[in-house]
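Visitor: Supplied structure: input-v1.txt, compact mmCIF, C-alpha atoms (C1' of nucleotides).
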```txt
# COMPACT_ATOMS: atom_id res chain seq x y z
CA MET A 1 -10.44 6.19 3.08
CA LYS A 2 -11.25 5.03 6.53
CA ASN A 3 -11.35 1.64 8.16
CA SER A 4 -9.89 -1.31 6.37
CA GLN A 5 -6.49 -1.19 4.70
CA LEU A 6 -7.99 -3.01 1.77
CA TYR A 7 -8.80 0.20 -0.07
CA LYS A 8 -5.13 1.06 -0.28
CA GLY A 9 -4.23 1.12 -3.94
CA SER A 10 -7.79 1.34 -5.19
CA LEU A 11 -8.23 5.13 -5.17
CA THR A 12 -7.01 5.86 -8.70
CA THR A 13 -9.07 3.02 -10.11
CA ILE A 14 -12.16 4.44 -8.40
CA VAL A 15 -11.49 7.94 -9.70
CA MET A 16 -10.89 6.75 -13.25
CA LYS A 17 -14.03 4.64 -13.28
CA LEU A 18 -16.17 7.51 -11.99
CA LEU A 19 -14.78 9.85 -14.63
CA GLU A 20 -15.42 7.27 -17.33
CA GLU A 21 -18.98 7.02 -16.09
CA ASN A 22 -19.69 10.71 -15.54
CA GLY A 23 -17.63 12.51 -18.14
CA ARG A 24 -16.14 15.09 -15.84
CA MET A 25 -16.14 15.68 -12.10
CA TYR A 26 -14.44 17.89 -9.54
CA GLY A 27 -12.67 16.69 -6.45
CA TYR A 28 -15.31 17.43 -3.86
CA GLU A 29 -17.92 15.91 -6.11
CA ILE A 30 -15.92 12.67 -6.25
CA THR A 31 -15.80 12.41 -2.46
CA GLN A 32 -19.56 12.90 -2.24
CA LYS A 33 -20.30 10.46 -5.03
CA VAL A 34 -18.27 7.69 -3.44
CA LYS A 35 -19.93 8.30 -0.09
CA GLU A 36 -23.30 8.08 -1.79
CA ILE A 37 -22.57 4.96 -3.83
CA THR A 38 -21.16 3.06 -0.86
CA LYS A 39 -23.88 4.31 1.49
CA GLY A 40 -21.37 6.11 3.66
CA GLU A 41 -19.11 3.12 4.10
CA LEU A 42 -16.24 4.52 2.09
CA LYS A 43 -15.07 8.06 2.67
CA ILE A 44 -12.30 9.34 0.47
CA THR A 45 -10.12 11.77 2.38
CA GLU A 46 -9.03 14.95 0.68
CA GLY A 47 -5.46 14.39 1.78
CA ALA A 48 -5.44 11.30 -0.42
CA LEU A 49 -7.62 12.54 -3.25
CA TYR A 50 -6.02 15.82 -4.25
CA PRO A 51 -2.45 14.54 -4.50
CA ALA A 52 -3.79 11.57 -6.48
CA LEU A 53 -5.61 13.85 -8.93
CA HIS A 54 -2.49 15.97 -9.39
CA LYS A 55 -0.42 12.88 -10.05
CA LEU A 56 -2.86 11.50 -12.60
CA GLU A 57 -2.86 14.88 -14.32
CA ALA A 58 0.96 14.96 -14.37
CA GLU A 59 0.94 11.49 -15.90
CA GLY A 60 -1.37 12.59 -18.67
CA VAL A 61 -4.23 10.40 -17.52
CA LEU A 62 -6.46 13.32 -16.57
CA GLU A 63 -6.85 16.87 -17.81
CA VAL A 64 -8.36 19.74 -15.90
CA GLU A 65 -10.75 22.58 -16.67
CA ILE A 66 -10.94 25.33 -14.10
CA GLU A 67 -14.26 27.10 -13.69
CA ASN A 68 -15.71 29.69 -11.43
CA VAL A 69 -19.04 28.73 -9.84
CA ASP A 70 -20.72 30.96 -7.25
CA ASN A 71 -17.53 32.91 -6.78
CA ARG A 72 -15.69 29.75 -5.90
CA LEU A 73 -13.07 27.75 -7.73
CA ARG A 74 -13.88 24.42 -9.26
CA LYS A 75 -11.47 22.10 -11.02
CA TYR A 76 -13.18 19.69 -13.33
CA TYR A 77 -11.19 16.61 -14.23
CA LYS A 78 -11.78 14.33 -17.18
CA LEU A 79 -9.97 11.40 -18.76
CA THR A 80 -7.58 12.09 -21.60
CA GLU A 81 -7.43 9.69 -24.52
CA LYS A 82 -4.55 7.94 -22.80
CA GLY A 83 -6.56 7.91 -19.57
CA THR A 84 -9.55 6.31 -21.24
CA ALA A 85 -7.37 3.52 -22.59
CA GLU A 86 -5.68 3.09 -19.23
CA THR A 87 -9.05 2.85 -17.49
CA VAL A 88 -9.87 -0.28 -19.47
CA ASN A 89 -6.72 -1.90 -18.09
CA ARG A 90 -7.43 -0.77 -14.57
CA LEU A 91 -10.93 -2.20 -14.59
CA ALA A 92 -9.64 -5.50 -15.97
CA GLU A 93 -7.08 -5.58 -13.15
CA LEU A 94 -9.82 -4.89 -10.64
CA GLU A 95 -11.88 -7.77 -11.97
CA GLU A 96 -8.84 -10.05 -11.75
CA PHE A 97 -8.15 -8.85 -8.24
CA ILE A 98 -11.69 -9.51 -7.06
CA LYS A 99 -11.68 -12.90 -8.73
CA ASN A 100 -8.39 -13.82 -7.08
CA MET A 101 -9.50 -12.64 -3.66
CA GLN A 102 -12.67 -14.65 -3.96
CA SER A 103 -10.65 -17.72 -4.92
CA ILE A 104 -8.69 -17.32 -1.72
CA VAL A 105 -11.67 -16.64 0.50
CA ASN A 106 -13.88 -19.26 -1.05
CA PRO A 107 -11.62 -22.02 -2.41
CA LYS A 108 -14.57 -24.38 -2.87
CA LEU A 109 -16.01 -22.27 -5.67
CA ALA A 110 -12.70 -22.10 -7.52
CA MET B 1 2.85 -8.92 -4.89
CA LYS B 2 3.44 -7.95 -8.46
CA ASN B 3 1.31 -6.10 -10.96
CA SER B 4 -1.68 -4.14 -9.80
CA GLN B 5 -1.50 -1.88 -6.77
CA LEU B 6 -4.85 -3.23 -5.69
CA TYR B 7 -3.32 -5.99 -3.59
CA LYS B 8 -1.71 -3.43 -1.32
CA GLY B 9 -3.32 -3.87 2.07
CA SER B 10 -4.70 -7.33 1.42
CA LEU B 11 -1.67 -9.41 2.42
CA THR B 12 -2.52 -9.94 6.09
CA THR B 13 -6.10 -10.83 5.22
CA ILE B 14 -4.86 -13.43 2.74
CA VAL B 15 -2.44 -14.91 5.27
CA MET B 16 -5.06 -15.08 8.01
CA LYS B 17 -7.61 -16.72 5.74
CA LEU B 18 -5.13 -19.35 4.56
CA LEU B 19 -4.18 -20.18 8.13
CA GLU B 20 -7.82 -20.43 9.13
CA GLU B 21 -8.31 -22.84 6.25
CA ASN B 22 -5.15 -24.92 6.65
CA GLY B 23 -4.45 -24.92 10.35
CA ARG B 24 -0.77 -24.11 10.12
CA MET B 25 1.57 -23.09 7.34
CA TYR B 26 5.12 -21.83 6.90
CA GLY B 27 6.12 -18.78 4.92
CA TYR B 28 7.37 -20.39 1.77
CA GLU B 29 4.31 -22.62 1.73
CA ILE B 30 2.07 -19.55 1.81
CA THR B 31 3.78 -18.04 -1.23
CA GLN B 32 3.35 -21.29 -3.17
CA LYS B 33 -0.25 -21.75 -2.10
CA VAL B 34 -1.24 -18.27 -3.25
CA LYS B 35 0.51 -18.76 -6.57
CA GLU B 36 -1.36 -22.03 -7.01
CA ILE B 37 -4.79 -20.69 -6.02
CA THR B 38 -4.49 -17.67 -8.30
CA LYS B 39 -2.97 -19.68 -11.14
CA GLY B 40 0.24 -17.70 -10.99
CA GLU B 41 -1.45 -14.32 -11.16
CA LEU B 42 -0.57 -13.28 -7.63
CA LYS B 43 2.94 -13.74 -6.36
CA ILE B 44 3.60 -12.79 -2.78
CA THR B 45 7.11 -11.46 -2.38
CA GLU B 46 9.19 -12.60 0.55
CA GLY B 47 10.18 -9.03 1.33
CA ALA B 48 6.54 -8.34 2.07
CA LEU B 49 5.57 -11.65 3.62
CA TYR B 50 8.21 -12.19 6.30
CA PRO B 51 7.93 -8.76 7.91
CA ALA B 52 4.14 -9.16 7.82
CA LEU B 53 4.32 -12.53 9.59
CA HIS B 54 6.63 -11.09 12.23
CA LYS B 55 4.28 -8.21 12.81
CA LEU B 56 1.24 -10.46 13.15
CA GLU B 57 3.17 -12.58 15.62
CA ALA B 58 4.19 -9.51 17.63
CA GLU B 59 0.54 -8.43 17.71
CA GLY B 60 -0.52 -11.80 19.10
CA VAL B 61 -2.49 -12.74 16.01
CA LEU B 62 -0.17 -15.59 15.08
CA GLU B 63 2.04 -17.96 17.00
CA VAL B 64 5.00 -19.86 15.66
CA GLU B 65 6.37 -23.38 15.96
CA ILE B 66 9.88 -23.91 14.69
CA GLU B 67 10.70 -27.30 13.25
CA ASN B 68 13.61 -28.95 11.52
CA VAL B 69 12.76 -30.68 8.27
CA ASP B 70 15.46 -32.23 6.07
CA ASN B 71 18.13 -30.34 7.94
CA ARG B 72 16.39 -27.06 7.14
CA LEU B 73 14.52 -24.61 9.31
CA ARG B 74 10.79 -24.25 9.04
CA LYS B 75 8.62 -21.82 10.94
CA TYR B 76 5.04 -22.91 11.12
CA TYR B 77 2.54 -20.19 11.86
CA LYS B 78 -0.98 -20.62 13.17
CA LEU B 79 -3.73 -18.34 14.38
CA THR B 80 -3.99 -17.64 18.09
CA GLU B 81 -7.41 -17.41 19.70
CA LYS B 82 -7.26 -13.67 19.23
CA GLY B 83 -6.18 -14.19 15.64
CA THR B 84 -9.09 -16.49 14.92
CA ALA B 85 -11.53 -13.88 16.19
CA GLU B 86 -9.77 -11.16 14.23
CA THR B 87 -9.95 -13.23 11.05
CA VAL B 88 -13.73 -13.14 11.18
CA ASN B 89 -13.60 -9.34 11.16
CA ARG B 90 -11.08 -9.26 8.36
CA LEU B 91 -13.15 -11.46 6.13
CA ALA B 92 -16.24 -9.35 6.80
CA GLU B 93 -14.23 -6.27 5.83
CA LEU B 94 -13.10 -7.99 2.66
CA GLU B 95 -16.67 -8.81 1.74
CA GLU B 96 -17.68 -5.19 2.34
CA PHE B 97 -14.75 -3.99 0.29
CA ILE B 98 -15.59 -6.22 -2.65
CA LYS B 99 -19.24 -5.21 -2.43
CA ASN B 100 -18.33 -1.52 -2.42
CA MET B 101 -15.90 -1.86 -5.31
CA GLN B 102 -18.52 -3.67 -7.33
CA SER B 103 -21.03 -0.91 -6.59
CA ILE B 104 -18.59 1.57 -8.03
CA VAL B 105 -17.63 -0.48 -11.06
CA ASN B 106 -21.13 -1.62 -11.81
CA PRO B 107 -23.53 1.03 -10.52
CA LYS B 108 -26.45 -0.50 -12.41
CA LEU B 109 -26.48 -3.57 -10.19
CA ALA B 110 -26.41 -1.52 -7.00
C1' DT C 1 -23.82 35.22 14.12
C1' DT C 2 -22.05 30.96 14.43
C1' DT C 3 -21.84 26.49 12.32
C1' DT C 4 -21.98 23.61 8.43
C1' DT C 5 -21.23 22.83 3.70
C1' DT C 6 -18.75 23.63 -0.30
C1' DA C 7 -14.07 23.72 -2.48
C1' DC C 8 -9.47 23.87 -2.91
C1' DC C 9 -4.63 22.71 -0.85
C1' DT C 10 -0.06 20.85 1.57
C1' DA C 11 3.19 18.67 4.95
C1' DA C 12 4.67 15.27 8.46
C1' DG C 13 4.40 10.87 9.47
C1' DA C 14 2.62 5.91 9.29
C1' DA C 15 1.88 1.75 6.88
C1' DT C 16 2.74 -1.30 3.31
C1' DA C 17 5.16 -3.14 -0.42
C1' DT C 18 9.18 -3.43 -4.00
C1' DT C 19 13.71 -4.27 -5.07
C1' DA C 20 17.92 -5.89 -4.01
C1' DT C 21 20.49 -8.44 -1.26
C1' DG C 22 22.23 -12.25 1.95
C1' DT C 23 22.62 -17.10 4.08
C1' DA C 24 22.18 -22.04 3.54
C1' DT C 25 20.69 -26.84 2.20
C1' DA C 26 18.55 -30.22 -1.10
C1' DT C 27 17.59 -31.66 -5.51
C1' DA C 28 17.51 -31.71 -10.40
C1' DA C 29 19.83 -30.79 -14.76
C1' DA C 30 23.84 -30.16 -17.76
C1' DT D 1 30.40 -33.37 -11.23
C1' DT D 2 29.49 -28.95 -11.48
C1' DT D 3 25.84 -25.79 -12.04
C1' DA D 4 21.24 -24.27 -11.67
C1' DT D 5 16.92 -24.48 -9.50
C1' DA D 6 14.00 -25.10 -5.58
C1' DT D 7 13.43 -24.77 -0.76
C1' DA D 8 13.50 -21.71 3.39
C1' DC D 9 14.61 -18.17 6.14
C1' DA D 10 15.85 -12.98 6.61
C1' DT D 11 16.85 -7.69 6.34
C1' DA D 12 17.72 -2.86 4.45
C1' DA D 13 16.95 1.02 1.34
C1' DT D 14 13.67 2.95 -1.20
C1' DA D 15 9.01 3.88 -3.22
C1' DT D 16 4.16 4.37 -2.90
C1' DT D 17 0.01 5.32 -0.83
C1' DC D 18 -2.64 6.94 2.70
C1' DT D 19 -3.85 9.24 7.41
C1' DT D 20 -3.77 12.92 10.27
C1' DA D 21 -3.61 17.49 10.93
C1' DG D 22 -3.44 21.47 9.57
C1' DG D 23 -4.63 25.94 6.21
C1' DT D 24 -7.60 29.35 3.06
C1' DA D 25 -12.01 31.04 1.67
C1' DA D 26 -16.87 31.70 0.33
C1' DA D 27 -21.90 30.28 0.51
C1' DA D 28 -25.66 28.58 2.95
C1' DA D 29 -28.06 27.03 6.87
C1' DA D 30 -28.96 27.07 11.83
```
As structure tokens, how would this structure be written, given the file I've shared?
Guide:
Amino acid sequence: MKNSQLYKGSLTTIVMKLLEENGRMYGYEITQKVKEITKGELKITEGALYPALHKLEAEGVLEVEIENVDNRLRKYYKLTEKGTAETVNRLAELEEFIKNMQSIVNPKLA
Amino acid sequence: MKNSQLYKGSLTTIVMKLLEENGRMYGYEITQKVKEITKGELKITEGALYPALHKLEAEGVLEVEIENVDNRLRKYYKLTEKGTAETVNRLAELEEFIKNMQSIVNPKLA
DNA sequence: TTTTTTACCTAAGAATATTATGTATATAAA
DNA sequence: TTTATATACATAATATTCTTAGGTAAAAAA
């Protein structure tokens, strides 16, 4: 994730939301999807993504299905039951976060 | 900053915005102001704030005025000229960040 | 045939924050 | 009056997250 430090801490929330939305995705696909959604403004680096996916898997938030496509490896990730429940919390936290940041930036509207 | 990891990376932006708004503030005052604005949801820890203030001062973004109030030390921080210019960028980045996060969370509105 | 794209990965280091302390005075509560 | 809370600064060890810089390998495009 380039540029602003603001994205620090938001990677797992992004991943979980995308998986909730799309059922299952593989790592490379996630990087491309984020680039597409944000019109190239946010680029997830692989050095951040893969360790994050492994950690979420170890925590029981994600589970993986390995497939072979065109002679190449693909690891599809999807939310576990626990992960689906956790995603609800994460998205609520994100809403709170955005609300709080907007209160700070625009105190007149608060 | 307790709770969600999302706040990671947003501390300096928060500090700069508050100083832009209020002219000058001291550390403890900043922690109280943020707690007040966010209705207790966001608590800036001193272990994060003081090193951040020192770093911003070292970078020439902030300057400090030390005063004695009620026999106690107070260090008032304010934006330098450079800091004021930098704050504009930071706030633009924050807007972009929020916009991008909303695109991800709510793809239908994008 | 070389470059780009797809697709995975790790390791060293930087940046940022948490947690746990420490110092010291003023004020409020027991 | 003693104790606890609030005010006000600070640092050090550790944890977390990410960047940067590599590495492997196959397919597709130039």
Visitor: Near chain A, meaning an atom within 10 Å, which residues of chain B appear when counting only C-alpha atoms? Write them as a compact mmCIF listing (two decimals) with C-alpha atoms, keeping the file's coordinate frame.
Guide:
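Listed below is the output, out.txt:
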```
# COMPACT_ATOMS: atom_id res chain seq x y z
CA ASN B 3 1.31 -6.10 -10.96
CA SER B 4 -1.68 -4.14 -9.80
CA GLN B 5 -1.50 -1.88 -6.77
CA LEU B 6 -4.85 -3.23 -5.69
CA TYR B 7 -3.32 -5.99 -3.59
CA LYS B 8 -1.71 -3.43 -1.32
CA GLY B 9 -3.32 -3.87 2.07
CA SER B 10 -4.70 -7.33 1.42
CA LEU B 11 -1.67 -9.41 2.42
CA THR B 12 -2.52 -9.94 6.09
CA THR B 13 -6.10 -10.83 5.22
CA ILE B 14 -4.86 -13.43 2.74
CA VAL B 15 -2.44 -14.91 5.27
CA LYS B 17 -7.61 -16.72 5.74
CA LEU B 18 -5.13 -19.35 4.56
CA GLU B 21 -8.31 -22.84 6.25
CA LYS B 33 -0.25 -21.75 -2.10
CA VAL B 34 -1.24 -18.27 -3.25
CA ILE B 37 -4.79 -20.69 -6.02
CA THR B 38 -4.49 -17.67 -8.30
CA LYS B 39 -2.97 -19.68 -11.14
CA GLU B 41 -1.45 -14.32 -11.16
CA LEU B 42 -0.57 -13.28 -7.63
CA ARG B 90 -11.08 -9.26 8.36
CA LEU B 91 -13.15 -11.46 6.13
CA GLU B 93 -14.23 -6.27 5.83
CA LEU B 94 -13.10 -7.99 2.66
CA GLU B 95 -16.67 -8.81 1.74
CA GLU B 96 -17.68 -5.19 2.34
CA PHE B 97 -14.75 -3.99 0.29
CA ILE B 98 -15.59 -6.22 -2.65
CA LYS B 99 -19.24 -5.21 -2.43
CA ASN B 100 -18.33 -1.52 -2.42
CA MET B 101 -15.90 -1.86 -5.31
CA GLN B 102 -18.52 -3.67 -7.33
CA SER B 103 -21.03 -0.91 -6.59
CA ILE B 104 -18.59 1.57 -8.03
CA VAL B 105 -17.63 -0.48 -11.06
CA ASN B 106 -21.13 -1.62 -11.81
CA PRO B 107 -23.53 1.03 -10.52
CA ALA B 110 -26.41 -1.52 -7.00
```
Visitor: Name the residues in contact with DG23 (chain D) at a cut-off of 12 Å, using all atoms listed in the file, excluding same-chain residues fewer than 2 positions from it; report them as a tab-separated table (two decimals) with C-alpha atoms (C1' of nucleotides), keeping the file's coordinate frame.
Guide:
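See selection_36.tsv below for the written result:
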```
chain	number	residue	atom	x	y	z
C	8	DC	C1'	-9.47	23.87	-2.91
C	9	DC	C1'	-4.63	22.71	-0.85
C	10	DT	C1'	-0.06	20.85	1.57
C	11	DA	C1'	3.19	18.67	4.95
D	21	DA	C1'	-3.61	17.49	10.93
D	25	DA	C1'	-12.01	31.04	1.67
```
Visitor: Output the contact residues of chain B with respect to chain C at a cut-off of 8 Å, based on all atoms listed in the file, as a ChimeraX atom specification.
Guide: /B:1,8-9,47-48,71-72
Visitor: Counting all atoms listed in the file, which residues of chain B sit at most 10 Å from some atom of chain D, and what is each one's closest atom pair with its distance in Å to one decimal, listed by chain and rising residue number, as JSON lines?
Guide:
```
{"residue": "B:Gln5", "atom": "CA", "partner": "D:DT16", "partner_atom": "C1'", "distance": 9.3}
{"residue": "B:Lys8", "atom": "CA", "partner": "D:DT17", "partner_atom": "C1'", "distance": 8.9}
{"residue": "B:Tyr26", "atom": "CA", "partner": "D:DA8", "partner_atom": "C1'", "distance": 9.1}
{"residue": "B:Gly27", "atom": "CA", "partner": "D:DA8", "partner_atom": "C1'", "distance": 8.1}
{"residue": "B:Tyr28", "atom": "CA", "partner": "D:DA8", "partner_atom": "C1'", "distance": 6.5}
{"residue": "B:Glu29", "atom": "CA", "partner": "D:DA8", "partner_atom": "C1'", "distance": 9.4}
{"residue": "B:Glu46", "atom": "CA", "partner": "D:DA10", "partner_atom": "C1'", "distance": 9.0}
{"residue": "B:Gly47", "atom": "CA", "partner": "D:DT11", "partner_atom": "C1'", "distance": 8.4}
{"residue": "B:Tyr50", "atom": "CA", "partner": "D:DA10", "partner_atom": "C1'", "distance": 7.7}
{"residue": "B:Pro51", "atom": "CA", "partner": "D:DA10", "partner_atom": "C1'", "distance": 9.1}
{"residue": "B:Arg72", "atom": "CA", "partner": "D:DA8", "partner_atom": "C1'", "distance": 7.1}
{"residue": "B:Leu73", "atom": "CA", "partner": "D:DA8", "partner_atom": "C1'", "distance": 6.7}
{"residue": "B:Arg74", "atom": "CA", "partner": "D:DA8", "partner_atom": "C1'", "distance": 6.8}
{"residue": "B:Lys75", "atom": "CA", "partner": "D:DC9", "partner_atom": "C1'", "distance": 8.5}
```
Visitor: Kindly give the distance, in Å, that separates CA of Lys43 (chain B) and CA of Asn22 (chain B), rounded to a single decimal.
Guide: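 Straight-line distance from CA of Lys43 (chain B) to CA of Asn22 (chain B) works out to 19.0 Å.
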Visitor: Could you tell me how far CA of Gly40 (chain B) lies from CA of Met16 (chain B), in Å and to one decimal?
Guide: 19.9 Å
Visitor: Measure the distance from CA of Glu59 (chain B) to CA of Glu86 (chain B) in Å and round it to one decimal.
Guide: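 Computing the Euclidean distance for CA of Glu59 (chain B) and CA of Glu86 (chain B) yields 11.2 Å.
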Visitor: Using the file's own x, y and z axes, what box holds all listed atoms of region 66-80 of chain B with 4 Å on each side, keeping edges along x, y and z, and what are its centre and edge lengths in Å to one decimal, as lines of an AutoDock Vina configuration file?
Guide:
```
center_x = 7.1
center_y = -24.9
center_z = 12.1
size_x = 30.1
size_y = 22.6
size_z = 20.0
```
Visitor: My structure is short of atoms at region 59-75 of chain A; please model N, CA and C atoms there, returning them as a PDB file, keeping the file's coordinate frame.
Guide:
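Saved to part.pdb:
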```pdb
ATOM      1  N   GLU A  59       0.668  12.676 -15.083  1.00  0.00           N
ATOM      2  CA  GLU A  59       0.940  11.490 -15.900  1.00  0.00           C
ATOM      3  C   GLU A  59       0.223  11.513 -17.241  1.00  0.00           C
ATOM      4  N   GLY A  60      -0.637  12.503 -17.411  1.00  0.00           N
ATOM      5  CA  GLY A  60      -1.370  12.590 -18.670  1.00  0.00           C
ATOM      6  C   GLY A  60      -2.596  11.709 -18.732  1.00  0.00           C
ATOM      7  N   VAL A  61      -3.029  11.235 -17.580  1.00  0.00           N
ATOM      8  CA  VAL A  61      -4.230  10.400 -17.520  1.00  0.00           C
ATOM      9  C   VAL A  61      -5.485  11.270 -17.440  1.00  0.00           C
ATOM     10  N   LEU A  62      -5.348  12.376 -16.719  1.00  0.00           N
ATOM     11  CA  LEU A  62      -6.460  13.320 -16.570  1.00  0.00           C
ATOM     12  C   LEU A  62      -6.068  14.679 -17.118  1.00  0.00           C
ATOM     13  N   GLU A  63      -7.089  15.449 -17.507  1.00  0.00           N
ATOM     14  CA  GLU A  63      -6.850  16.870 -17.810  1.00  0.00           C
ATOM     15  C   GLU A  63      -7.883  17.678 -17.051  1.00  0.00           C
ATOM     16  N   VAL A  64      -7.540  18.922 -16.793  1.00  0.00           N
ATOM     17  CA  VAL A  64      -8.360  19.740 -15.900  1.00  0.00           C
ATOM     18  C   VAL A  64      -8.916  20.965 -16.611  1.00  0.00           C
ATOM     19  N   GLU A  65     -10.130  21.340 -16.209  1.00  0.00           N
ATOM     20  CA  GLU A  65     -10.750  22.580 -16.670  1.00  0.00           C
ATOM     21  C   GLU A  65     -11.191  23.353 -15.435  1.00  0.00           C
ATOM     22  N   ILE A  66     -10.610  24.530 -15.281  1.00  0.00           N
ATOM     23  CA  ILE A  66     -10.940  25.330 -14.100  1.00  0.00           C
ATOM     24  C   ILE A  66     -12.112  26.248 -14.409  1.00  0.00           C
ATOM     25  N   GLU A  67     -13.089  26.240 -13.503  1.00  0.00           N
ATOM     26  CA  GLU A  67     -14.260  27.100 -13.690  1.00  0.00           C
ATOM     27  C   GLU A  67     -14.596  27.820 -12.396  1.00  0.00           C
ATOM     28  N   ASN A  68     -15.316  28.911 -12.583  1.00  0.00           N
ATOM     29  CA  ASN A  68     -15.710  29.690 -11.430  1.00  0.00           C
ATOM     30  C   ASN A  68     -17.222  29.547 -11.234  1.00  0.00           C
ATOM     31  N   VAL A  69     -17.615  28.947 -10.111  1.00  0.00           N
ATOM     32  CA  VAL A  69     -19.040  28.730  -9.840  1.00  0.00           C
ATOM     33  C   VAL A  69     -19.367  29.358  -8.492  1.00  0.00           C
ATOM     34  N   ASP A  70     -20.331  30.295  -8.499  1.00  0.00           N
ATOM     35  CA  ASP A  70     -20.720  30.960  -7.250  1.00  0.00           C
ATOM     36  C   ASP A  70     -19.529  31.610  -6.560  1.00  0.00           C
ATOM     37  N   ASN A  71     -18.687  32.229  -7.358  1.00  0.00           N
ATOM     38  CA  ASN A  71     -17.530  32.910  -6.780  1.00  0.00           C
ATOM     39  C   ASN A  71     -16.493  31.969  -6.151  1.00  0.00           C
ATOM     40  N   ARG A  72     -16.652  30.705  -6.444  1.00  0.00           N
ATOM     41  CA  ARG A  72     -15.690  29.750  -5.900  1.00  0.00           C
ATOM     42  C   ARG A  72     -15.073  28.923  -7.015  1.00  0.00           C
ATOM     43  N   LEU A  73     -13.850  28.507  -6.758  1.00  0.00           N
ATOM     44  CA  LEU A  73     -13.070  27.750  -7.730  1.00  0.00           C
ATOM     45  C   LEU A  73     -13.568  26.301  -7.834  1.00  0.00           C
ATOM     46  N   ARG A  74     -13.587  25.830  -9.046  1.00  0.00           N
ATOM     47  CA  ARG A  74     -13.880  24.420  -9.260  1.00  0.00           C
ATOM     48  C   ARG A  74     -12.956  23.860 -10.323  1.00  0.00           C
ATOM     49  N   LYS A  75     -12.356  22.711 -10.039  1.00  0.00           N
ATOM     50  CA  LYS A  75     -11.470  22.100 -11.020  1.00  0.00           C
ATOM     51  C   LYS A  75     -12.078  20.800 -11.525  1.00  0.00           C
TER      52      LYS A  75
END
```
